[in-house]
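**Q** Just passing along the structure, written as structure tokens.
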Amino acid sequence: MSANMKRREFITLLGGAAAAWPLAARAQQTMPVIGFLRSASLADATNLIDAFRQGLREIGYFEGQNVVIEYRSADNDPDRLTALATDFVRRPVALIVGNVLSAIAAKTVTTTVPIVFATGTDPVRDGLVSSLNRPGGNVTGVSFLAERLGAKRLELLHELVPTATSIAVLVARSPDATSEQQELEAAAQSIGQRLTIFQVNTDHDFEAAFAAFVARRAGALIVIGGAVMFSNRDRIVALAARHKLPASYPLREYVSAGGLMSYAPSITEAYRQVGVYAGRILKGDKPGDLPVMQSTKFELVINLNTARALGLTIPASLLALADEVIE
């Protein structure tokens with residue numbers, strides 16, 4: 001392409017952007033802007049975004065009609081989150097919504113812009129709020145307490161695969177993953193169960209993790225939650241199937257993608273509640289006065305097709321406990 005053609009294309013692009021600027025400015029003047037920030041891919045979180053929009057609608061806010069939502073992702077590079085949060089603050093947005101890593105990053109750059117989080121950990125321990133009932137400051141949100149389910153998930157997996165003497169654990173670098181791993185290790189130690197733990201730091205580590213599990217003769221797998229895991233759930237499920245590892249997952253979305261079993265809170269329900277809180281803040285509520293909501297709905301989901309492919313028979317006692325059975 002010639003330099004003149006490139007220049008004409010650039011001028012055309014610039015002209016189109018310039019024409020859009022006044023329109024965007026008018027929209028911002030009349031509608032509040034929400035910054036939706038995620039540490040992992042947005043493409044793999046469409047169900048969470050839909051749930052968030054649903055919560056907003058329940059309060060009377062409809063995207064594109066009376067509220068603007070701008071979406072940003074660090075694409076599994078947590079070091080980018082501070083810059084993305086800073087950009088939102090300078091924008092400025094009316095409030096920031098994010099998962100736990102995003103909320104922690106946003107809190108480091110603003111004490112005035114409201115922040116609403118969704119987390120599977122203890123937000124007090126993570127330093128997001130001073131207390132659950134009276135968060136104080138500019139932060140509140142929803143905790144679905146996934147980290148406290150390690151013992152139950154281990155118990156259910158042992159019931160399904162009682163002959164597995166070594167359990168593989170796939171974990172990512174994040175606050176919620178670290179605390180859940182500690183809870184799982186304590187549970188395993190109490191029953192004399194041996195764990196093989198592999199930490200994933202990038203999207204390229206999954207193949208190596210499963211190779212290590214096979215080398216250690218792991219009989220089953222527990223996947224610990226986190227945004228990087230969620231955005232790679234199809235890959236993880238496929239690798240577990242390829243290596244014939246019965247696996248317990250941290251959210252039902254993995255089972256919908258073909259995973260064997262999950263015992264988990266409803267993350268979509270948590271994001272719906274985040275949408276409700278975002279709407280209340282837009283209407284004038286202060287985040288520091290809104291108690292952190294705690295999801296108490298937990299679901300056992302089993303995929304019978306995957307069980308058959310693995311040659312497993314689901315015990316009747318486990319089927320009786322299941323909230324949903326996928327066939």
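Here's how to read the names in the structure tokens: chain A, B, ... by the order shown, residue numbers from 1 in each chain, ligand numbers from 1 in the order shown.
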Please identify all polymer residues within 8 Å of Gly98 of chain A, counting only C-alpha atoms, omitting same-chain residues fewer than 3 positions from it, and present them as number ranges by chain.

**A** A: 36-38, 101-103, 115-118

**Q** Report the closest atom pair, with its distance in Å rounded to one decimal, for each residue of segment 158-225 of chain A that has an atom no farther than 9 Å from segment 67-79 of chain A; count only C-alpha atoms, sort by chain and then rising residue number, and write it as a tab-separated table.

**A**
```
residue	atom	partner	partner_atom	distance
A:Asn201	CA	A:Asn76	CA	9.0
A:Thr202	CA	A:Asn76	CA	7.4
A:Asp203	CA	A:Asn76	CA	8.0
```

**Q** List the spatial neighbours of segment 254-269 of chain A as an MDAnalysis selection string - criterion: any atom at most 9 Å away, only C-alpha atoms, same-chain residues fewer than 3 positions off excluded.

**A** chainID A and resid 47:52 118 120 144:146 149 152:153 156:157 230 233:234 236:238 240:241 246:251 272:274 295:307 326

**Q** List every residue of segment 104-225 of chain A that DSSP, applied to the backbone, labels as helix (DSSP H, G or I), and write the result as a PyMOL selection string.

**A** chain A and resi 104-109+146-160+175-191+203-215

**Q** Would you mind telling me which residue in A:Gly226, A:Gly219, A:Gly192, A:Pro114 lies nearest to Thr163 of chain A when using only C-alpha atoms?

**A**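 Checking each candidate against Thr163 of chain A, we get A:Gly219 as the closest.
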
**Q** So that I can check the secondary structure, give me every residue of segment 42-290 of chain A assigned strand (DSSP E or B) by backbone DSSP, as a PDB file with N, CA and C atoms, in the first residue's frame.

**A**
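So the final result, stored in out.pdb, reads:
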```pdb
ATOM      1  N   GLU A  63     -28.846  -0.317  29.381  1.00  0.00           N
ATOM      2  CA  GLU A  63     -27.650   0.078  28.644  1.00  0.00           C
ATOM      3  C   GLU A  63     -28.014   0.717  27.312  1.00  0.00           C
ATOM      4  N   VAL A  67     -27.983   4.599  30.618  1.00  0.00           N
ATOM      5  CA  VAL A  67     -26.669   4.346  31.204  1.00  0.00           C
ATOM      6  C   VAL A  67     -25.728   3.831  30.113  1.00  0.00           C
ATOM      7  N   VAL A  68     -24.463   4.220  30.208  1.00  0.00           N
ATOM      8  CA  VAL A  68     -23.434   3.734  29.294  1.00  0.00           C
ATOM      9  C   VAL A  68     -22.507   2.805  30.076  1.00  0.00           C
ATOM     10  N   ILE A  69     -22.152   1.668  29.494  1.00  0.00           N
ATOM     11  CA  ILE A  69     -21.189   0.757  30.125  1.00  0.00           C
ATOM     12  C   ILE A  69     -19.971   0.653  29.218  1.00  0.00           C
ATOM     13  N   GLU A  70     -18.818   0.944  29.776  1.00  0.00           N
ATOM     14  CA  GLU A  70     -17.571   0.783  29.033  1.00  0.00           C
ATOM     15  C   GLU A  70     -16.825  -0.427  29.603  1.00  0.00           C
ATOM     16  N   TYR A  71     -16.352  -1.295  28.729  1.00  0.00           N
ATOM     17  CA  TYR A  71     -15.760  -2.568  29.129  1.00  0.00           C
ATOM     18  C   TYR A  71     -14.250  -2.551  28.881  1.00  0.00           C
ATOM     19  N   ARG A  72     -13.506  -3.007  29.884  1.00  0.00           N
ATOM     20  CA  ARG A  72     -12.055  -3.116  29.754  1.00  0.00           C
ATOM     21  C   ARG A  72     -11.609  -4.462  30.333  1.00  0.00           C
ATOM     22  N   SER A  73     -10.570  -5.055  29.728  1.00  0.00           N
ATOM     23  CA  SER A  73     -10.041  -6.333  30.190  1.00  0.00           C
ATOM     24  C   SER A  73      -8.526  -6.287  30.210  1.00  0.00           C
ATOM     25  N   LEU A  95     -18.996   4.967  38.324  1.00  0.00           N
ATOM     26  CA  LEU A  95     -18.580   3.900  39.234  1.00  0.00           C
ATOM     27  C   LEU A  95     -17.838   2.838  38.450  1.00  0.00           C
ATOM     28  N   ILE A  96     -17.098   1.999  39.178  1.00  0.00           N
ATOM     29  CA  ILE A  96     -16.333   0.909  38.582  1.00  0.00           C
ATOM     30  C   ILE A  96     -16.851  -0.416  39.124  1.00  0.00           C
ATOM     31  N   VAL A  97     -17.075  -1.362  38.232  1.00  0.00           N
ATOM     32  CA  VAL A  97     -17.484  -2.719  38.599  1.00  0.00           C
ATOM     33  C   VAL A  97     -16.359  -3.664  38.213  1.00  0.00           C
ATOM     34  N   GLY A  98     -16.041  -4.630  39.091  1.00  0.00           N
ATOM     35  CA  GLY A  98     -14.962  -5.537  38.731  1.00  0.00           C
ATOM     36  C   GLY A  98     -14.922  -6.793  39.574  1.00  0.00           C
ATOM     37  N   ASN A  99     -14.159  -7.789  39.093  1.00  0.00           N
ATOM     38  CA  ASN A  99     -13.874  -8.965  39.910  1.00  0.00           C
ATOM     39  C   ASN A  99     -12.839  -8.578  40.968  1.00  0.00           C
ATOM     40  N   ILE A 115     -16.820   1.737  43.887  1.00  0.00           N
ATOM     41  CA  ILE A 115     -16.366   0.462  43.329  1.00  0.00           C
ATOM     42  C   ILE A 115     -17.292  -0.637  43.834  1.00  0.00           C
ATOM     43  N   VAL A 116     -17.792  -1.466  42.918  1.00  0.00           N
ATOM     44  CA  VAL A 116     -18.641  -2.602  43.291  1.00  0.00           C
ATOM     45  C   VAL A 116     -17.964  -3.876  42.783  1.00  0.00           C
ATOM     46  N   PHE A 117     -17.686  -4.810  43.686  1.00  0.00           N
ATOM     47  CA  PHE A 117     -16.941  -6.015  43.328  1.00  0.00           C
ATOM     48  C   PHE A 117     -17.811  -7.257  43.385  1.00  0.00           C
ATOM     49  N   ALA A 118     -17.335  -8.298  42.681  1.00  0.00           N
ATOM     50  CA  ALA A 118     -17.835  -9.664  42.848  1.00  0.00           C
ATOM     51  C   ALA A 118     -16.619 -10.509  43.178  1.00  0.00           C
ATOM     52  N   THR A 119     -16.660 -11.229  44.300  1.00  0.00           N
ATOM     53  CA  THR A 119     -15.486 -11.984  44.728  1.00  0.00           C
ATOM     54  C   THR A 119     -15.884 -13.311  45.356  1.00  0.00           C
ATOM     55  N   VAL A 139     -16.210   1.426  48.582  1.00  0.00           N
ATOM     56  CA  VAL A 139     -16.244   0.064  48.034  1.00  0.00           C
ATOM     57  C   VAL A 139     -17.328  -0.779  48.711  1.00  0.00           C
ATOM     58  N   THR A 140     -18.056  -1.547  47.916  1.00  0.00           N
ATOM     59  CA  THR A 140     -18.962  -2.581  48.409  1.00  0.00           C
ATOM     60  C   THR A 140     -19.108  -3.627  47.309  1.00  0.00           C
ATOM     61  N   GLY A 141     -19.927  -4.644  47.542  1.00  0.00           N
ATOM     62  CA  GLY A 141     -20.084  -5.652  46.501  1.00  0.00           C
ATOM     63  C   GLY A 141     -20.735  -6.924  46.984  1.00  0.00           C
ATOM     64  N   VAL A 142     -20.396  -8.024  46.317  1.00  0.00           N
ATOM     65  CA  VAL A 142     -21.008  -9.322  46.569  1.00  0.00           C
ATOM     66  C   VAL A 142     -19.912 -10.363  46.737  1.00  0.00           C
ATOM     67  N   SER A 143     -20.008 -11.160  47.800  1.00  0.00           N
ATOM     68  CA  SER A 143     -19.075 -12.260  48.022  1.00  0.00           C
ATOM     69  C   SER A 143     -19.829 -13.572  47.916  1.00  0.00           C
ATOM     70  N   SER A 166      -4.427 -40.113  44.705  1.00  0.00           N
ATOM     71  CA  SER A 166      -3.745 -38.834  44.493  1.00  0.00           C
ATOM     72  C   SER A 166      -4.661 -37.907  43.711  1.00  0.00           C
ATOM     73  N   ILE A 167      -4.876 -36.707  44.247  1.00  0.00           N
ATOM     74  CA  ILE A 167      -5.758 -35.732  43.613  1.00  0.00           C
ATOM     75  C   ILE A 167      -4.921 -34.599  43.037  1.00  0.00           C
ATOM     76  N   ALA A 168      -5.098 -34.332  41.754  1.00  0.00           N
ATOM     77  CA  ALA A 168      -4.436 -33.198  41.117  1.00  0.00           C
ATOM     78  C   ALA A 168      -5.216 -31.922  41.426  1.00  0.00           C
ATOM     79  N   VAL A 169      -4.490 -30.820  41.600  1.00  0.00           N
ATOM     80  CA  VAL A 169      -5.120 -29.527  41.863  1.00  0.00           C
ATOM     81  C   VAL A 169      -4.550 -28.502  40.883  1.00  0.00           C
ATOM     82  N   LEU A 170      -5.426 -27.883  40.126  1.00  0.00           N
ATOM     83  CA  LEU A 170      -5.031 -26.845  39.178  1.00  0.00           C
ATOM     84  C   LEU A 170      -5.416 -25.497  39.772  1.00  0.00           C
ATOM     85  N   VAL A 171      -4.431 -24.613  39.941  1.00  0.00           N
ATOM     86  CA  VAL A 171      -4.668 -23.355  40.642  1.00  0.00           C
ATOM     87  C   VAL A 171      -3.973 -22.221  39.893  1.00  0.00           C
ATOM     88  N   ALA A 172      -4.531 -21.029  39.967  1.00  0.00           N
ATOM     89  CA  ALA A 172      -3.952 -19.857  39.309  1.00  0.00           C
ATOM     90  C   ALA A 172      -3.475 -18.846  40.336  1.00  0.00           C
ATOM     91  N   ARG A 194      -3.582 -37.226  49.402  1.00  0.00           N
ATOM     92  CA  ARG A 194      -2.382 -36.635  48.808  1.00  0.00           C
ATOM     93  C   ARG A 194      -2.773 -35.750  47.634  1.00  0.00           C
ATOM     94  N   LEU A 195      -2.227 -34.532  47.594  1.00  0.00           N
ATOM     95  CA  LEU A 195      -2.516 -33.577  46.527  1.00  0.00           C
ATOM     96  C   LEU A 195      -1.275 -33.329  45.679  1.00  0.00           C
ATOM     97  N   THR A 196      -1.471 -33.182  44.376  1.00  0.00           N
ATOM     98  CA  THR A 196      -0.427 -32.727  43.456  1.00  0.00           C
ATOM     99  C   THR A 196      -0.882 -31.387  42.902  1.00  0.00           C
ATOM    100  N   ILE A 197      -0.203 -30.313  43.314  1.00  0.00           N
ATOM    101  CA  ILE A 197      -0.649 -28.959  42.986  1.00  0.00           C
ATOM    102  C   ILE A 197       0.220 -28.363  41.882  1.00  0.00           C
ATOM    103  N   PHE A 198      -0.442 -27.794  40.877  1.00  0.00           N
ATOM    104  CA  PHE A 198       0.268 -27.125  39.785  1.00  0.00           C
ATOM    105  C   PHE A 198      -0.322 -25.726  39.635  1.00  0.00           C
ATOM    106  N   GLN A 199       0.551 -24.718  39.712  1.00  0.00           N
ATOM    107  CA  GLN A 199       0.084 -23.329  39.583  1.00  0.00           C
ATOM    108  C   GLN A 199       0.231 -22.856  38.143  1.00  0.00           C
ATOM    109  N   VAL A 200      -0.847 -22.322  37.618  1.00  0.00           N
ATOM    110  CA  VAL A 200      -0.868 -21.770  36.273  1.00  0.00           C
ATOM    111  C   VAL A 200      -0.651 -20.265  36.367  1.00  0.00           C
ATOM    112  N   ALA A 220      -7.756 -38.087  39.973  1.00  0.00           N
ATOM    113  CA  ALA A 220      -8.872 -37.153  39.835  1.00  0.00           C
ATOM    114  C   ALA A 220      -8.306 -35.738  39.912  1.00  0.00           C
ATOM    115  N   LEU A 221      -9.138 -34.763  39.608  1.00  0.00           N
ATOM    116  CA  LEU A 221      -8.693 -33.372  39.499  1.00  0.00           C
ATOM    117  C   LEU A 221      -9.675 -32.432  40.173  1.00  0.00           C
ATOM    118  N   ILE A 222      -9.123 -31.451  40.894  1.00  0.00           N
ATOM    119  CA  ILE A 222      -9.919 -30.341  41.409  1.00  0.00           C
ATOM    120  C   ILE A 222      -9.371 -29.061  40.788  1.00  0.00           C
ATOM    121  N   VAL A 223     -10.246 -28.308  40.162  1.00  0.00           N
ATOM    122  CA  VAL A 223      -9.869 -27.022  39.580  1.00  0.00           C
ATOM    123  C   VAL A 223     -10.308 -25.927  40.539  1.00  0.00           C
ATOM    124  N   ALA A 247     -13.095 -34.781  37.112  1.00  0.00           N
ATOM    125  CA  ALA A 247     -12.744 -33.465  37.651  1.00  0.00           C
ATOM    126  C   ALA A 247     -13.917 -32.786  38.334  1.00  0.00           C
ATOM    127  N   SER A 248     -13.576 -32.075  39.409  1.00  0.00           N
ATOM    128  CA  SER A 248     -14.526 -31.224  40.129  1.00  0.00           C
ATOM    129  C   SER A 248     -14.175 -29.775  39.816  1.00  0.00           C
ATOM    130  N   TYR A 249     -15.195 -29.015  39.435  1.00  0.00           N
ATOM    131  CA  TYR A 249     -14.967 -27.644  38.972  1.00  0.00           C
ATOM    132  C   TYR A 249     -15.592 -26.623  39.918  1.00  0.00           C
ATOM    133  N   MET A 261     -18.346 -32.389  37.084  1.00  0.00           N
ATOM    134  CA  MET A 261     -19.105 -32.073  38.294  1.00  0.00           C
ATOM    135  C   MET A 261     -18.675 -30.721  38.856  1.00  0.00           C
ATOM    136  N   SER A 262     -19.619 -30.005  39.437  1.00  0.00           N
ATOM    137  CA  SER A 262     -19.288 -28.777  40.160  1.00  0.00           C
ATOM    138  C   SER A 262     -20.130 -28.682  41.418  1.00  0.00           C
ATOM    139  N   TYR A 263     -19.522 -28.149  42.448  1.00  0.00           N
ATOM    140  CA  TYR A 263     -20.272 -27.762  43.647  1.00  0.00           C
ATOM    141  C   TYR A 263     -19.871 -26.329  43.912  1.00  0.00           C
ATOM    142  N   ALA A 264     -20.807 -25.426  43.754  1.00  0.00           N
ATOM    143  CA  ALA A 264     -20.395 -24.032  43.681  1.00  0.00           C
ATOM    144  C   ALA A 264     -21.550 -23.080  43.930  1.00  0.00           C
ATOM    145  N   PRO A 265     -21.205 -21.852  44.266  1.00  0.00           N
ATOM    146  CA  PRO A 265     -22.222 -20.809  44.287  1.00  0.00           C
ATOM    147  C   PRO A 265     -22.566 -20.418  42.856  1.00  0.00           C
TER     148      PRO A 265
END
```
